[in-house]
>>> print(open('protein_34.txt').read())   # compact mmCIF, C-alpha atoms and all ligand atoms
# COMPACT_ATOMS: atom_id res chain seq x y z
CA MET A 1 17.50 -26.45 76.44
CA SER A 2 19.49 -27.89 79.36
CA LYS A 3 18.58 -31.46 80.24
CA LYS A 4 19.73 -30.99 83.81
CA PRO A 5 16.99 -29.71 86.08
CA LYS A 6 17.62 -26.48 87.89
CA HIS A 7 14.92 -27.00 90.50
CA ILE A 8 13.69 -30.23 92.09
CA ALA A 9 10.73 -30.47 94.47
CA ILE A 10 10.16 -33.48 96.70
CA ILE A 11 7.17 -34.78 98.63
CA MET A 12 8.97 -36.98 101.13
CA ASP A 13 6.31 -39.53 101.93
CA GLY A 14 6.28 -42.95 103.54
CA ASN A 15 8.16 -42.40 106.83
CA GLY A 16 5.40 -43.84 109.01
CA ARG A 17 4.72 -46.88 106.80
CA TRP A 18 8.45 -47.57 106.54
CA ALA A 19 8.74 -47.73 110.33
CA THR A 20 5.54 -49.75 110.78
CA SER A 21 6.66 -52.31 108.19
CA LEU A 22 9.76 -52.92 110.34
CA GLY A 23 7.71 -53.23 113.51
CA LYS A 24 8.91 -49.84 114.80
CA ALA A 25 7.02 -46.76 115.98
CA ARG A 26 6.19 -44.14 113.30
CA HIS A 27 8.54 -41.57 114.82
CA VAL A 28 11.53 -43.77 113.96
CA GLY A 29 10.62 -43.20 110.29
CA HIS A 30 10.67 -39.44 110.80
CA GLN A 31 14.04 -39.62 112.52
CA VAL A 32 15.61 -41.72 109.74
CA GLY A 33 13.86 -39.55 107.12
CA SER A 34 15.52 -36.40 108.46
CA LYS A 35 18.95 -37.96 107.91
CA VAL A 36 17.96 -38.79 104.32
CA ILE A 37 17.16 -35.11 103.67
CA ARG A 38 20.68 -34.21 104.74
CA GLU A 39 22.11 -36.85 102.42
CA ILE A 40 19.97 -35.72 99.46
CA VAL A 41 20.97 -32.08 99.99
CA GLU A 42 24.62 -33.09 99.86
CA CYS A 43 24.05 -35.16 96.75
CA SER A 44 22.07 -32.34 95.06
CA VAL A 45 25.03 -30.03 95.64
CA ARG A 46 27.31 -32.64 94.06
CA LEU A 47 24.98 -33.00 91.08
CA GLY A 48 24.85 -29.24 90.51
CA ILE A 49 21.15 -28.81 91.31
CA GLN A 50 20.50 -25.16 92.14
CA GLU A 51 17.19 -25.40 93.99
CA LEU A 52 15.67 -28.10 96.13
CA THR A 53 12.21 -27.60 97.62
CA VAL A 54 10.97 -30.17 100.12
CA PHE A 55 7.59 -30.64 101.78
CA GLY A 56 8.51 -30.87 105.47
CA LEU A 57 5.10 -30.47 107.08
CA SER A 58 1.78 -29.54 105.51
CA CYS A 59 -0.97 -27.47 107.10
CA ASP A 60 -3.06 -30.64 106.86
CA ASN A 61 -0.43 -32.62 108.83
CA MET A 62 -1.17 -30.30 111.78
CA ALA A 63 -4.24 -32.46 112.47
CA ARG A 64 -2.03 -35.48 113.30
CA PRO A 65 -2.00 -36.79 116.88
CA GLN A 66 -0.25 -34.30 119.19
CA GLU A 67 2.46 -36.75 120.09
CA GLU A 68 3.51 -37.30 116.45
CA LEU A 69 3.26 -33.59 115.68
CA HIS A 70 5.49 -32.69 118.63
CA TYR A 71 7.98 -35.29 117.54
CA LEU A 72 8.02 -33.95 113.97
CA LEU A 73 8.60 -30.40 115.23
CA SER A 74 11.39 -31.59 117.52
CA VAL A 75 13.04 -33.35 114.55
CA PHE A 76 12.98 -30.05 112.59
CA MET A 77 14.41 -28.17 115.54
CA ARG A 78 17.20 -30.71 116.00
CA SER A 79 17.95 -30.76 112.27
CA LEU A 80 18.32 -26.97 112.29
CA GLN A 81 20.69 -27.20 115.27
CA GLU A 82 22.70 -30.07 113.81
CA TYR A 83 22.85 -29.23 110.12
CA THR A 84 22.80 -25.43 109.71
CA GLN A 85 26.57 -25.02 110.01
CA GLU A 86 27.20 -27.94 107.70
CA MET A 87 24.73 -26.52 105.13
CA HIS A 88 26.41 -23.15 105.44
CA ASP A 89 29.82 -24.73 104.78
CA MET A 90 28.40 -26.39 101.64
CA GLY A 91 27.09 -23.02 100.37
CA VAL A 92 23.43 -23.87 100.95
CA CYS A 93 20.95 -21.03 101.42
CA LEU A 94 18.10 -22.21 103.65
CA LYS A 95 14.61 -20.79 103.27
CA VAL A 96 11.48 -21.88 105.07
CA ILE A 97 8.07 -21.14 103.55
CA GLY A 98 4.70 -21.50 105.23
CA ASP A 99 3.01 -20.30 108.40
CA VAL A 100 6.11 -20.68 110.55
CA GLN A 101 4.77 -18.29 113.22
CA GLY A 102 1.99 -20.81 113.81
CA LEU A 103 4.61 -23.35 114.94
CA GLY A 104 5.63 -21.37 118.02
CA CYS A 105 8.24 -18.74 118.90
CA GLU A 106 11.11 -21.09 119.58
CA LEU A 107 10.99 -22.85 116.23
CA SER A 108 10.27 -19.70 114.26
CA LYS A 109 13.26 -17.97 115.88
CA ALA A 110 15.51 -20.94 115.08
CA VAL A 111 14.27 -20.83 111.46
CA ARG A 112 14.90 -17.10 111.11
CA ASP A 113 18.39 -17.47 112.65
CA ALA A 114 19.32 -20.28 110.24
CA GLU A 115 17.97 -18.26 107.31
CA GLU A 116 20.03 -15.26 108.40
CA VAL A 117 23.26 -17.28 108.70
CA THR A 118 22.88 -18.84 105.23
CA LYS A 119 21.18 -16.04 103.31
CA THR A 120 24.07 -15.07 101.03
CA ASN A 121 24.95 -18.63 100.01
CA LYS A 122 24.63 -19.34 96.31
CA VAL A 123 25.45 -23.02 95.66
CA LEU A 124 21.99 -24.43 96.39
CA THR A 125 18.77 -22.94 97.73
CA LEU A 126 17.05 -25.41 100.03
CA THR A 127 13.44 -24.38 100.58
CA VAL A 128 11.62 -26.28 103.30
CA ALA A 129 7.83 -26.00 103.28
CA LEU A 130 6.70 -26.06 106.92
CA ASN A 131 3.07 -25.65 107.96
CA PHE A 132 2.57 -24.95 104.26
CA SER A 133 -0.05 -25.94 101.73
CA GLY A 134 -0.72 -24.90 98.16
CA LYS A 135 -4.10 -23.49 99.15
CA TRP A 136 -2.57 -21.64 102.12
CA HIS A 137 -0.11 -20.09 99.64
CA ILE A 138 -2.94 -18.95 97.35
CA HIS A 139 -4.92 -17.47 100.26
CA HIS A 140 -1.82 -15.80 101.77
CA THR A 141 -0.81 -14.27 98.42
CA THR A 142 -4.34 -13.08 97.67
CA GLN A 143 -4.53 -11.37 101.07
CA LYS A 144 -1.18 -9.66 100.44
CA LEU A 145 -2.41 -8.45 97.04
CA LEU A 146 -5.59 -7.09 98.61
CA GLU A 147 -3.59 -5.02 101.11
CA ASN A 148 -2.87 -2.66 98.27
CA PRO A 149 -5.69 -3.02 95.78
CA VAL A 150 -4.73 -1.69 92.39
CA SER A 151 -5.38 -3.10 89.01
CA LEU A 152 -2.94 -5.95 88.62
CA SER A 153 -1.16 -7.16 85.53
CA ASP A 154 -0.52 -10.88 85.00
CA ASP A 155 3.16 -10.17 85.68
CA GLN A 156 2.38 -8.58 89.04
CA ILE A 157 0.25 -11.57 90.03
CA GLU A 158 3.02 -13.94 88.92
CA GLN A 159 5.51 -11.92 90.95
CA ALA A 160 3.31 -12.06 94.05
CA PHE A 161 3.01 -15.85 93.82
CA SER A 162 6.75 -16.12 93.26
CA GLN A 163 7.63 -14.25 96.46
CA LEU A 164 7.80 -17.48 98.42
CA LEU A 165 9.13 -19.68 95.63
CA PRO A 166 10.93 -17.73 92.92
CA SER A 167 11.12 -20.50 90.31
CA ASP A 168 8.97 -23.38 89.08
CA PRO A 169 10.27 -26.87 89.83
CA ASP A 170 11.39 -28.79 86.73
CA ILE A 171 10.80 -32.06 88.56
CA LEU A 172 8.53 -33.14 91.40
CA ILE A 173 9.38 -36.43 93.08
CA ARG A 174 6.93 -38.07 95.45
CA THR A 175 8.11 -41.12 97.35
CA GLY A 176 5.92 -43.57 99.23
CA GLY A 177 3.78 -44.97 96.42
CA GLU A 178 0.84 -42.53 96.37
CA ARG A 179 0.12 -40.57 93.20
CA ARG A 180 -1.20 -37.23 94.40
CA LEU A 181 -0.01 -33.70 95.18
CA SER A 182 -1.46 -33.48 98.71
CA ASN A 183 -1.77 -29.69 98.66
CA PHE A 184 1.93 -29.03 98.00
CA VAL A 185 2.91 -26.03 95.87
CA LEU A 186 0.20 -25.77 93.23
CA TYR A 187 0.82 -22.56 91.31
CA HIS A 188 4.39 -23.54 90.45
CA LEU A 189 3.68 -27.06 89.24
CA ALA A 190 1.96 -25.98 86.02
CA TYR A 191 4.62 -27.61 83.80
CA THR A 192 6.57 -29.68 86.28
CA GLU A 193 7.48 -33.26 85.33
CA LEU A 194 6.00 -35.62 87.92
CA TYR A 195 7.76 -38.72 89.25
CA PHE A 196 5.90 -40.99 91.68
CA LEU A 197 8.20 -43.57 93.25
CA ASP A 198 7.20 -46.60 95.30
CA VAL A 199 10.30 -46.33 97.50
CA LYS A 200 9.50 -44.92 100.95
CA TRP A 201 11.39 -41.77 101.95
CA PRO A 202 13.74 -43.39 104.53
CA ASP A 203 14.94 -45.74 101.74
CA PHE A 204 15.43 -42.94 99.17
CA ARG A 205 19.05 -42.73 98.01
CA GLN A 206 21.23 -40.97 95.47
CA GLU A 207 20.58 -43.77 92.91
CA HIS A 208 16.83 -43.06 93.01
CA LEU A 209 17.52 -39.40 92.35
CA GLU A 210 19.92 -40.27 89.56
CA SER A 211 17.40 -42.54 87.88
CA VAL A 212 14.82 -39.71 87.92
CA LEU A 213 17.42 -37.38 86.40
CA ALA A 214 18.21 -39.94 83.68
CA SER A 215 14.53 -40.23 82.84
CA TYR A 216 14.07 -36.44 82.88
CA ALA A 217 16.99 -36.06 80.45
CA LYS A 218 14.93 -37.95 77.82
CA VAL A 219 11.77 -35.85 78.20
CA GLU A 220 10.89 -33.27 75.62
CA ARG A 221 9.29 -30.35 77.46
CA ARG A 222 7.01 -28.45 75.12
CA PHE A 223 5.23 -26.05 77.51
CA GLY A 224 2.12 -26.23 75.34
CA ASN A 225 4.06 -25.57 72.16
CA VAL A 226 4.82 -28.10 69.41
CA GLY A 227 7.92 -30.31 69.55
CA VAL A 228 11.24 -29.49 67.91
CA SER A 229 10.88 -32.38 65.44
CA VAL A 230 7.53 -31.09 64.07
C1 LIG B 301 6.00 -38.14 105.51
O1 LIG B 301 5.77 -39.40 105.97
C2 LIG B 301 6.43 -37.19 106.59
C3 LIG B 301 5.47 -36.12 106.89
C4 LIG B 301 4.29 -36.00 106.38
C5 LIG B 301 5.88 -35.13 107.86
P1 LIG B 301 4.37 -39.82 106.60
O2 LIG B 301 4.38 -39.53 108.05
O3 LIG B 301 3.23 -39.20 105.83
O4 LIG B 301 4.40 -41.38 106.37
P2 LIG B 301 3.22 -42.33 105.90
O5 LIG B 301 2.68 -41.77 104.60
O6 LIG B 301 2.20 -42.33 106.99
O7 LIG B 301 3.89 -43.64 105.71
MG MG B 302 2.07 -39.81 104.23
>>> encode(input="protein_34.txt", output="structure tokens", more="lines below")
Ligand code: IPE
Ligand code: MG
Amino acid sequence: MSKKPKHIAIIMDGNGRWATSLGKARHVGHQVGSKVIREIVECSVRLGIQELTVFGLSCDNMARPQEELHYLLSVFMRSLQEYTQEMHDMGVCLKVIGDVQGLGCELSKAVRDAEEVTKTNKVLTLTVALNFSGKWHIHHTTQKLLENPVSLSDDQIEQAFSQLLPSDPDILIRTGGERRLSNFVLYHLAYTELYFLDVKWPDFRQEHLESVLASYAKVERRFGNVGVSV
């Protein structure tokens, strides 16, 4: 079995606390954090990672103060404008999962346009979860399945859940020091290796990613079976 992960998921946490600890407003953390995403995408391409799934904004984050929410949405919009061409040149296919319609016409159009431009790229699939939560995904998928009620095999259910995210992450990294999943993808994390890092997202660098990869390379994944040495 390959010791290099195919698919890495990241909960990019700690932007606000990073900014506050430096005496700056929380939005500065979001701004710096967006540049780190760009850097980590580039480094994932270099490292031969095929899929990167990042938690951009959860359904639960929608309850944040309006001012912060607007700022976060404007950062996404600007990132799409600034980075889509660059991502395209690197061979990145961008996908956004979640209730994007609920974020307004302008942003959802920008998302669809960026997806269209990059849709045939094969080097890396970057999936950004926006206005997404694991429970939203379960509800959304269940509703889709109920549109056409037939008796469903396990494979059909698996396929329905994999519409938005076709493969299970090998690794989940959460920065920012908390050890929880915060309603990120749930179905797909059944056998994912979890890495909780104290570093806050704006300070996350290639060396942090590399140290997770080095640790992952030593893990024996048994998927409920017995180990090879038994
Ligand atoms: C993560 O950083 C970014 C988003 C949730 C959009 P936070 O904003 O949650 O930062 P902390 O956890 O408050 O430091
Ligand atoms: Mg947080």
>>> closest_residue(input="protein_34.txt", among="A:Val54, A:Ala63, A:Leu181, A:Ala25", to="Leu165 of chain A", atoms="all atoms listed in the file")
A:Val54
>>> residues_near_ligand(input="protein_34.txt", ligand="ligand LIG 301 (chain B)", cutoff="9 Å", atoms="all atoms listed in the file", output="MDAnalysis selection string")
chainID A and resid 11:20 26:27 29:30 33 55:58 61 68:69 72 175:178 200:201
>>> atom_distance(input="protein_34.txt", atom1="atom CA of Glu86 of chain A", atom2="atom MG of ligand MG 302 (chain B)")
28.0 Å
>>> closest_residue(input="protein_34.txt", among="A:Leu47, A:Leu197, A:Ala160, A:Met62", to="Val212 of chain A", atoms="all atoms listed in the file")
A:Leu197
>>> residues_around(input="protein_34.txt", residues="Phe76 of chain A", least_positions_apart="5", cutoff="12 Å", atoms="all atoms listed in the file", output="list in words")
His30, Gln31, Gly33, Ser34, Lys35, Ile37, Arg38, Gly56, Leu57, Leu69, His70, Tyr71, Gln81, Glu82, Tyr83, Thr84, Val96, Val100, Leu103, Glu106, Leu107, Ser108, Ala110, Val111, Ala114, Val128, Ala129, Leu130 and Asn131 of chain A
>>> residues_near_point(input="protein_34.txt", point="(1.2, -15.5, 96.2)", cutoff="10 Å", atoms="only C-alpha atoms", output="list in words")
Gly134, Trp136, His137, Ile138, His139, His140, Thr141, Thr142, Gln143, Lys144, Leu145, Ile157, Glu158, Gln159, Ala160, Phe161, Ser162, Gln163, Leu164, Leu165 and Tyr187 of chain A
>>> atom_distance(input="protein_34.txt", atom1="atom CA of Arg205 of chain A", atom2="atom CA of Ile40 of chain A")
7.2 Å
>>> atom_distance(input="protein_34.txt", atom1="atom CA of Thr127 of chain A", atom2="atom CA of Ser182 of chain A")
17.6 Å
>>> decode(input="protein_34.txt", residues="segment 140-153 of chain A", atoms="all heavy atoms", output="compact mmCIF listing (two decimals), in the first residue's frame")
# COMPACT_ATOMS: atom_id res chain seq x y z
N HIS A 140 -28.84 16.76 2.84
CA HIS A 140 -28.91 17.05 1.40
C HIS A 140 -28.94 15.73 0.61
O HIS A 140 -29.78 15.55 -0.29
CB HIS A 140 -27.67 17.89 1.05
CG HIS A 140 -27.41 18.10 -0.39
ND1 HIS A 140 -28.04 19.07 -1.13
CD2 HIS A 140 -26.55 17.47 -1.24
CE1 HIS A 140 -27.60 19.02 -2.37
NE2 HIS A 140 -26.70 18.07 -2.46
N THR A 141 -28.07 14.80 0.97
CA THR A 141 -28.00 13.53 0.25
C THR A 141 -29.27 12.71 0.48
O THR A 141 -29.81 12.10 -0.46
CB THR A 141 -26.75 12.73 0.70
OG1 THR A 141 -25.61 13.57 0.54
CG2 THR A 141 -26.56 11.46 -0.11
N THR A 142 -29.76 12.71 1.70
CA THR A 142 -30.98 11.96 2.01
C THR A 142 -32.14 12.51 1.19
O THR A 142 -32.92 11.75 0.61
CB THR A 142 -31.30 12.05 3.52
OG1 THR A 142 -30.13 11.68 4.23
CG2 THR A 142 -32.44 11.14 3.91
N GLN A 143 -32.24 13.85 1.11
CA GLN A 143 -33.32 14.44 0.33
C GLN A 143 -33.23 14.05 -1.14
O GLN A 143 -34.22 13.74 -1.78
CB GLN A 143 -33.33 15.96 0.47
CG GLN A 143 -34.07 16.39 1.73
CD GLN A 143 -33.68 17.79 2.18
OE1 GLN A 143 -32.98 18.50 1.47
NE2 GLN A 143 -34.12 18.18 3.36
N LYS A 144 -32.00 14.06 -1.66
CA LYS A 144 -31.80 13.66 -3.08
C LYS A 144 -32.24 12.21 -3.27
O LYS A 144 -32.90 11.88 -4.26
CB LYS A 144 -30.31 13.76 -3.47
CG LYS A 144 -29.82 15.17 -3.60
CD LYS A 144 -29.65 15.51 -5.08
CE LYS A 144 -29.35 16.97 -5.27
NZ LYS A 144 -30.37 17.80 -5.80
N LEU A 145 -31.89 11.34 -2.32
CA LEU A 145 -32.25 9.92 -2.44
C LEU A 145 -33.77 9.76 -2.39
O LEU A 145 -34.33 8.91 -3.08
CB LEU A 145 -31.60 9.11 -1.31
CG LEU A 145 -30.08 8.89 -1.46
CD1 LEU A 145 -29.50 8.30 -0.18
CD2 LEU A 145 -29.79 7.97 -2.64
N LEU A 146 -34.43 10.60 -1.60
CA LEU A 146 -35.89 10.48 -1.47
C LEU A 146 -36.65 11.00 -2.68
O LEU A 146 -37.83 10.73 -2.84
CB LEU A 146 -36.36 11.21 -0.20
CG LEU A 146 -36.02 10.50 1.11
CD1 LEU A 146 -36.39 11.38 2.30
CD2 LEU A 146 -36.73 9.16 1.21
N GLU A 147 -35.93 11.78 -3.55
CA GLU A 147 -36.60 12.27 -4.76
C GLU A 147 -37.02 11.11 -5.65
O GLU A 147 -37.92 11.21 -6.46
CB GLU A 147 -35.65 13.17 -5.56
CG GLU A 147 -35.59 14.59 -5.02
CD GLU A 147 -34.49 15.41 -5.67
OE1 GLU A 147 -33.94 14.98 -6.71
OE2 GLU A 147 -34.17 16.49 -5.12
N ASN A 148 -36.31 10.02 -5.51
CA ASN A 148 -36.58 8.88 -6.38
C ASN A 148 -36.56 7.61 -5.54
O ASN A 148 -35.61 6.83 -5.60
CB ASN A 148 -35.48 8.85 -7.46
CG ASN A 148 -35.80 7.87 -8.54
OD1 ASN A 148 -36.91 7.32 -8.56
ND2 ASN A 148 -34.83 7.60 -9.40
N PRO A 149 -37.60 7.45 -4.69
CA PRO A 149 -37.51 6.36 -3.71
C PRO A 149 -37.61 4.98 -4.34
O PRO A 149 -38.60 4.64 -4.97
CB PRO A 149 -38.69 6.63 -2.77
CG PRO A 149 -39.56 7.60 -3.46
CD PRO A 149 -38.86 8.17 -4.63
N VAL A 150 -36.53 4.26 -4.23
CA VAL A 150 -36.49 2.87 -4.69
C VAL A 150 -35.75 2.14 -3.59
O VAL A 150 -35.22 2.75 -2.68
CB VAL A 150 -35.68 2.73 -6.00
CG1 VAL A 150 -36.47 3.14 -7.20
CG2 VAL A 150 -34.36 3.47 -5.91
N SER A 151 -35.71 0.84 -3.68
CA SER A 151 -34.93 0.19 -2.64
C SER A 151 -33.45 0.37 -2.99
O SER A 151 -33.04 0.24 -4.15
CB SER A 151 -35.32 -1.28 -2.50
OG SER A 151 -34.47 -2.07 -3.25
N LEU A 152 -32.69 0.76 -2.01
CA LEU A 152 -31.31 1.18 -2.29
C LEU A 152 -30.31 0.17 -1.76
O LEU A 152 -30.42 -0.29 -0.62
CB LEU A 152 -31.04 2.51 -1.58
CG LEU A 152 -31.78 3.72 -2.14
CD1 LEU A 152 -31.76 4.86 -1.13
CD2 LEU A 152 -31.14 4.16 -3.44
N SER A 153 -29.32 -0.13 -2.58
CA SER A 153 -28.25 -1.00 -2.11
C SER A 153 -27.23 -0.15 -1.35
O SER A 153 -27.21 1.08 -1.49
CB SER A 153 -27.57 -1.67 -3.30
OG SER A 153 -26.91 -0.68 -4.06
